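*Asks:* Input entry35.txt, format and content: compact mmCIF, C-alpha atoms and all ligand atoms.
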```txt
# COMPACT_ATOMS: atom_id res chain seq x y z
CA MET A 1 -27.23 7.47 23.83
CA THR A 2 -25.01 10.51 24.28
CA LYS A 3 -23.14 11.57 21.18
CA VAL A 4 -19.82 13.35 21.19
CA PRO A 5 -18.74 15.88 18.56
CA VAL A 6 -15.46 15.03 16.85
CA GLN A 7 -13.59 17.17 14.33
CA ILE A 8 -10.78 15.71 12.26
CA THR A 9 -8.82 16.48 9.15
CA LEU A 10 -9.38 13.43 6.96
CA ASN A 11 -7.19 13.25 3.88
CA GLY A 12 -6.80 17.02 3.89
CA LYS A 13 -10.47 17.89 4.42
CA GLU A 14 -12.06 19.18 7.62
CA ARG A 15 -14.75 16.73 8.75
CA SER A 16 -17.17 16.95 11.68
CA VAL A 17 -19.09 14.01 13.04
CA PHE A 18 -21.01 12.99 16.14
CA VAL A 19 -19.90 9.66 17.59
CA GLU A 20 -21.30 7.46 20.31
CA ALA A 21 -19.19 7.08 23.44
CA GLY A 22 -16.99 4.03 22.90
CA GLN A 23 -17.39 4.00 19.11
CA ASN A 24 -14.19 3.06 17.35
CA LEU A 25 -12.55 5.07 14.59
CA LEU A 26 -12.91 2.28 12.02
CA ASP A 27 -16.70 2.35 12.33
CA THR A 28 -16.67 6.13 12.24
CA LEU A 29 -14.60 6.26 9.08
CA ARG A 30 -16.62 3.58 7.30
CA ARG A 31 -20.19 4.20 8.51
CA SER A 32 -20.26 7.90 9.36
CA LEU A 33 -17.68 9.40 7.01
CA GLY A 34 -18.05 7.08 4.03
CA ASP A 35 -14.39 6.11 3.75
CA LEU A 36 -14.47 2.38 3.05
CA THR A 37 -10.73 2.01 2.46
CA PRO A 38 -9.83 0.94 6.02
CA LYS A 39 -11.05 -2.68 6.25
CA TYR A 40 -12.66 -4.59 9.09
CA GLY A 41 -10.66 -7.79 9.46
CA CYS A 42 -10.48 -9.07 13.01
CA GLY A 43 -11.73 -6.09 15.01
CA GLN A 44 -9.29 -7.13 17.72
CA GLY A 45 -5.98 -5.50 16.79
CA THR A 46 -4.30 -8.50 15.22
CA CYS A 47 -4.65 -8.24 11.42
CA GLY A 48 -3.73 -4.64 10.50
CA CYS A 49 -6.43 -4.35 7.82
CA CYS A 50 -7.80 -1.24 9.53
CA SER A 51 -4.45 0.61 9.67
CA VAL A 52 -4.57 4.36 9.15
CA VAL A 53 -2.12 7.17 9.85
CA ILE A 54 -3.08 9.44 12.73
CA ASP A 55 -0.90 12.50 13.30
CA GLY A 56 1.97 10.81 11.51
CA GLN A 57 1.76 7.50 13.37
CA ILE A 58 0.43 4.23 11.98
CA ARG A 59 -2.51 3.13 14.16
CA LEU A 60 -5.16 0.44 14.23
CA SER A 61 -8.47 2.20 13.76
CA CYS A 62 -10.45 -0.74 15.21
CA LEU A 63 -8.74 -0.19 18.56
CA THR A 64 -8.84 3.61 18.47
CA LEU A 65 -11.71 5.41 20.15
CA ALA A 66 -13.21 7.91 17.75
CA GLU A 67 -13.57 10.55 20.45
CA SER A 68 -9.83 10.27 21.17
CA VAL A 69 -8.86 11.56 17.73
CA ASP A 70 -10.66 14.89 18.03
CA GLY A 71 -8.42 17.50 16.38
CA SER A 72 -6.23 14.91 14.64
CA VAL A 73 -4.98 14.66 11.09
CA ILE A 74 -5.91 11.27 9.63
CA GLU A 75 -4.74 9.70 6.38
CA THR A 76 -6.25 6.69 4.63
CA VAL A 77 -5.71 5.16 1.22
CA ALA A 78 -8.58 7.28 -0.09
CA GLY A 79 -6.26 10.27 0.29
CA ILE A 80 -3.20 8.92 -1.44
CA GLY A 81 -4.56 7.67 -4.74
CA ASP A 82 -7.66 6.66 -6.63
CA GLY A 83 -8.57 4.67 -9.71
CA ALA A 84 -7.56 7.49 -12.02
CA GLN A 85 -4.31 8.54 -10.37
CA LEU A 86 -2.51 5.90 -8.41
CA HIS A 87 0.11 6.47 -5.73
CA ALA A 88 3.54 5.07 -6.59
CA LEU A 89 3.03 2.36 -3.98
CA GLN A 90 -0.27 1.32 -5.56
CA THR A 91 1.38 1.11 -8.96
CA ALA A 92 4.24 -0.92 -7.52
CA PHE A 93 1.82 -3.32 -5.81
CA ILE A 94 0.21 -3.94 -9.20
CA THR A 95 3.54 -4.33 -11.00
CA HIS A 96 4.86 -6.77 -8.39
CA PHE A 97 1.57 -8.72 -8.04
CA ALA A 98 1.63 -7.72 -4.38
CA ALA A 99 -2.15 -7.88 -3.98
CA GLN A 100 -4.25 -11.00 -4.47
CA CYS A 101 -7.56 -10.95 -2.59
CA GLY A 102 -6.69 -7.37 -1.63
CA PHE A 103 -8.21 -7.44 1.82
CA CYS A 104 -4.94 -6.58 3.57
CA THR A 105 -3.83 -4.15 0.88
CA THR A 106 -5.13 -0.82 2.12
CA GLY A 107 -3.68 -1.33 5.58
CA MET A 108 -0.45 -2.59 4.05
CA LEU A 109 -0.24 0.49 1.82
CA MET A 110 -0.69 2.84 4.77
CA SER A 111 2.07 1.09 6.74
CA ALA A 112 4.31 1.28 3.67
CA LYS A 113 3.54 4.94 3.03
CA ASN A 114 4.15 5.85 6.65
CA LEU A 115 7.49 4.07 6.48
CA LEU A 116 8.61 5.88 3.33
CA ASP A 117 7.38 9.24 4.63
CA ASN A 118 9.65 8.81 7.65
CA ASN A 119 12.46 6.78 6.09
CA PRO A 120 12.82 7.24 2.31
CA SER A 121 15.70 4.74 2.10
CA PRO A 122 14.61 1.76 4.18
CA THR A 123 16.48 -1.51 4.36
CA ARG A 124 14.67 -4.78 3.70
CA GLU A 125 14.60 -5.28 7.47
CA ASP A 126 13.01 -1.84 7.92
CA VAL A 127 10.25 -2.81 5.47
CA VAL A 128 9.65 -6.16 7.19
CA GLU A 129 9.39 -4.37 10.53
CA ALA A 130 7.07 -1.69 9.13
CA ILE A 131 4.56 -4.22 7.81
CA SER A 132 4.93 -6.66 10.70
CA GLY A 133 1.51 -5.67 12.03
CA ASN A 134 -0.20 -6.32 8.70
CA ILE A 135 -1.21 -9.92 8.14
CA CYS A 136 -1.52 -11.22 4.56
CA ARG A 137 -2.93 -14.68 3.93
CA CYS A 138 -2.26 -14.65 0.18
CA THR A 139 1.05 -13.29 -1.04
CA GLY A 140 3.77 -14.69 1.19
CA TYR A 141 4.94 -11.08 1.71
CA GLU A 142 7.89 -11.20 -0.70
CA ALA A 143 6.06 -9.36 -3.49
CA ILE A 144 4.87 -6.73 -1.01
CA ILE A 145 8.36 -6.16 0.38
CA ASN A 146 9.82 -5.94 -3.13
CA ALA A 147 7.14 -3.45 -4.20
CA ILE A 148 7.90 -1.16 -1.26
CA LEU A 149 11.66 -1.39 -1.82
CA ASP A 150 11.11 -0.63 -5.51
CA VAL A 151 9.30 2.61 -4.68
CA ALA A 152 12.04 3.55 -2.22
CA ALA A 153 14.65 2.90 -4.91
CA GLN A 154 12.73 5.20 -7.26
CA GLY A 155 13.12 8.01 -4.76
CA GLY A 156 10.23 8.16 -2.39
CA SER A 157 6.63 7.69 -1.47
CA GLY A 158 5.12 9.31 -4.55
CA ARG A 159 2.14 11.56 -5.04
CA GLN A 160 -0.73 12.25 -2.70
CA LEU A 161 -4.21 13.41 -3.67
CA SER A 162 -4.70 15.91 -0.86
S1 LIG B 201 -9.51 -4.97 12.02
FE1 LIG B 201 -8.14 -3.76 13.19
S2 LIG B 201 -6.41 -5.03 13.51
FE2 LIG B 201 -7.84 -6.32 12.47
S1 LIG B 202 -3.70 -10.09 -0.61
FE1 LIG B 202 -5.14 -11.41 0.42
S2 LIG B 202 -4.75 -11.06 2.53
FE2 LIG B 202 -3.16 -9.97 1.50
```
How does the structure come out when it is put into structure tokens?
*Replies:*
Amino acid sequence: MTKVPVQITLNGKERSVFVEAGQNLLDTLRRSLGDLTPKYGCGQGTCGCCSVVIDGQIRLSCLTLAESVDGSVIETVAGIGDGAQLHALQTAFITHFAAQCGFCTTGMLMSAKNLLDNNPSPTREDVVEAISGNICRCTGYEAIINAILDVAAQGGSGRQLS
């Protein structure tokens, strides 16, 4: 099968990869580039677990063709914090008990970060809208919304690794 070269900036680092025609970005990130933070939930664009930021826009990586992001800047949770140094949103999710099984959490964090990067003082309605594409079966959303509003009240989206 023909492979297509794709170059991206992933969490601040230049990455080159060959992808099969029709391969989605989620598979490329997880299988080819070793970034396991975007999750495979539905694979059909309904759960938001695979959300990443592409050129400043929140996108579903399961529905994004890998070859279409050639030249793009992509952010995932792997670029905003890690076990040693957490992003303010990650800390707030812990403090507010906003993650239970955690399967939705990385996509939720990317939607939240993208919101705060573009709107540092969101209303509750802004937060609800920003995470409306991220489905959570566990938390009932209130803890997540409060965590995001808490970070906004503290003055912004916090640190970033890259
Ligand atoms: S895995 Fe992409 S929206 Fe569910
Ligand atoms: S914490 Fe389980 S799906 Fe959100």
*Asks:* For chain A against ligand LIG 201 (chain B), with a cut-off of 8 Å and counting all atoms listed in the file, what is the closest atom pair and its distance in Å to one decimal for every residue that makes the cut, ordered by chain and number, as JSON lines?
*Replies:*
```
{"residue": "A:Leu26", "atom": "CA", "partner": "B:LIG201", "partner_atom": "FE1", "distance": 7.8}
{"residue": "A:Lys39", "atom": "CA", "partner": "B:LIG201", "partner_atom": "S1", "distance": 6.4}
{"residue": "A:Tyr40", "atom": "CA", "partner": "B:LIG201", "partner_atom": "S1", "distance": 4.3}
{"residue": "A:Gly41", "atom": "CA", "partner": "B:LIG201", "partner_atom": "S1", "distance": 4.0}
{"residue": "A:Cys42", "atom": "CA", "partner": "B:LIG201", "partner_atom": "FE2", "distance": 3.9}
{"residue": "A:Gly43", "atom": "CA", "partner": "B:LIG201", "partner_atom": "S1", "distance": 3.9}
{"residue": "A:Gln44", "atom": "CA", "partner": "B:LIG201", "partner_atom": "FE2", "distance": 5.5}
{"residue": "A:Gly45", "atom": "CA", "partner": "B:LIG201", "partner_atom": "S2", "distance": 3.3}
{"residue": "A:Thr46", "atom": "CA", "partner": "B:LIG201", "partner_atom": "S2", "distance": 4.4}
{"residue": "A:Cys47", "atom": "CA", "partner": "B:LIG201", "partner_atom": "FE2", "distance": 3.9}
{"residue": "A:Gly48", "atom": "CA", "partner": "B:LIG201", "partner_atom": "S2", "distance": 4.0}
{"residue": "A:Cys49", "atom": "CA", "partner": "B:LIG201", "partner_atom": "FE2", "distance": 5.2}
{"residue": "A:Cys50", "atom": "CA", "partner": "B:LIG201", "partner_atom": "FE1", "distance": 4.5}
{"residue": "A:Ser51", "atom": "CA", "partner": "B:LIG201", "partner_atom": "FE1", "distance": 6.7}
{"residue": "A:Leu60", "atom": "CA", "partner": "B:LIG201", "partner_atom": "FE1", "distance": 5.3}
{"residue": "A:Ser61", "atom": "CA", "partner": "B:LIG201", "partner_atom": "FE1", "distance": 6.0}
{"residue": "A:Cys62", "atom": "CA", "partner": "B:LIG201", "partner_atom": "FE1", "distance": 4.3}
{"residue": "A:Leu63", "atom": "CA", "partner": "B:LIG201", "partner_atom": "FE1", "distance": 6.5}
{"residue": "A:Asn134", "atom": "CA", "partner": "B:LIG201", "partner_atom": "S2", "distance": 8.0}
```
*Asks:* Quick one: residues within 10 Å of Val17 in chain A, all atoms listed in the file, excluding same-chain residues fewer than 3 positions away - as a short mmCIF file (atom, residue, chain, number, x, y, z; two decimals) with C-alpha atoms, keeping the file's coordinate frame?
*Replies:*
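Done, and the output landed in out08.cif:
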```
data_model
loop_
_atom_site.label_atom_id
_atom_site.label_comp_id
_atom_site.auth_asym_id
_atom_site.auth_seq_id
_atom_site.Cartn_x
_atom_site.Cartn_y
_atom_site.Cartn_z
CA LYS A 3 -23.14 11.57 21.18
CA VAL A 4 -19.82 13.35 21.19
CA PRO A 5 -18.74 15.88 18.56
CA VAL A 6 -15.46 15.03 16.85
CA GLN A 7 -13.59 17.17 14.33
CA ILE A 8 -10.78 15.71 12.26
CA THR A 28 -16.67 6.13 12.24
CA LEU A 29 -14.60 6.26 9.08
CA SER A 32 -20.26 7.90 9.36
CA LEU A 33 -17.68 9.40 7.01
CA ALA A 66 -13.21 7.91 17.75
CA GLU A 67 -13.57 10.55 20.45
CA ASP A 70 -10.66 14.89 18.03
#
```
*Asks:* List all protein, DNA and RNA residues that have at least one atom no more than 7 Å from any atom of ligand LIG 202 (chain B), counting all atoms listed in the file, and write them as a PyMOL selection string.
*Replies:* chain A and resi 98-105+135-139
*Asks:* In Å, rounded to a single decimal, give me how far CA of Ala88 in chain A is from CA of Gly34 in chain A.
*Replies:*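 About the pair CA of Gly34 in chain A and CA of Ala88 in chain A: they are 24.1 Å apart.
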*Asks:* Using only C-alpha atoms for the distances, tell me which of A:Gln85, A:Gln90, A:Thr76, A:His96 is nearest to Glu142 in chain A.
*Replies:*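 Smallest distance to Glu142 in chain A is found for A:His96.
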*Asks:* Record the distance separating CA of Asn119 in chain A and CA of Gly140 in chain A, expressed in Å with one decimal.
*Replies:*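 It comes out at 23.7 Å.
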*Asks:* For Ile74 in chain A, work out the shell of residues within 7 Å, counting all atoms listed in the file and skipping chain neighbours fewer than 5 positions away, then give it as an MDAnalysis selection string.
*Replies:* chainID A and resid 9:11 53:55
*Asks:* With C-alpha atoms retained, write the just-selected residues as a compact mmCIF listing (two decimals), keeping the file's coordinate frame.
*Replies:*
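Now in part-v3.txt:
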```txt
# COMPACT_ATOMS: atom_id res chain seq x y z
CA THR A 9 -8.82 16.48 9.15
CA LEU A 10 -9.38 13.43 6.96
CA ASN A 11 -7.19 13.25 3.88
CA VAL A 53 -2.12 7.17 9.85
CA ILE A 54 -3.08 9.44 12.73
CA ASP A 55 -0.90 12.50 13.30
```
*Asks:* For CA of Ala84 in chain A and CA of Gly56 in chain A, quote the distance in Å rounded to one decimal.
*Replies:*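 Between CA of Ala84 in chain A and CA of Gly56 in chain A the gap works out to 25.6 Å.
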*Asks:* Considering only C-alpha atoms, can you say which of A:Met1, A:Ile148, A:Ala21, A:Val52 comes closest to Leu116 in chain A?
*Replies:* A:Ile148
*Asks:* Taking only residues of range 53-121 of chain A that have an atom at most 12 Å from an atom of range 126-131 of chain A, what is each one's shortest atom pair and its distance in Å to one decimal, using all atoms listed in the file, in chain and number order, as CSV?
*Replies:*
```
residue,atom,partner,partner_atom,distance
A:Gln57,CA,A:Ala130,CA,11.4
A:Ile58,CA,A:Ala130,CA,9.3
A:Arg59,CA,A:Ala130,CA,11.8
A:Cys104,CA,A:Ile131,CA,10.7
A:Thr105,CA,A:Ile131,CA,10.9
A:Thr106,CA,A:Ile131,CA,11.7
A:Gly107,CA,A:Ile131,CA,9.0
A:Met108,CA,A:Ile131,CA,6.5
A:Leu109,CA,A:Ile131,CA,9.0
A:Met110,CA,A:Ile131,CA,9.3
A:Ser111,CA,A:Ile131,CA,6.0
A:Ala112,CA,A:Ala130,CA,6.8
A:Lys113,CA,A:Ala130,CA,9.7
A:Asn114,CA,A:Ala130,CA,8.5
A:Leu115,CA,A:Ala130,CA,6.4
A:Leu116,CA,A:Val127,CA,9.1
A:Asp117,CA,A:Ala130,CA,11.8
A:Asn118,CA,A:Ala130,CA,10.9
A:Asn119,CA,A:Asp126,CA,8.8
A:Pro120,CA,A:Asp126,CA,10.7
A:Ser121,CA,A:Asp126,CA,9.2
```
*Asks:* Using all atoms listed in the file, which residue out of A:Glu14, A:Asp27, A:Glu20, A:Asp150 lies closest to Ala92 in chain A?
*Replies:* A:Asp150
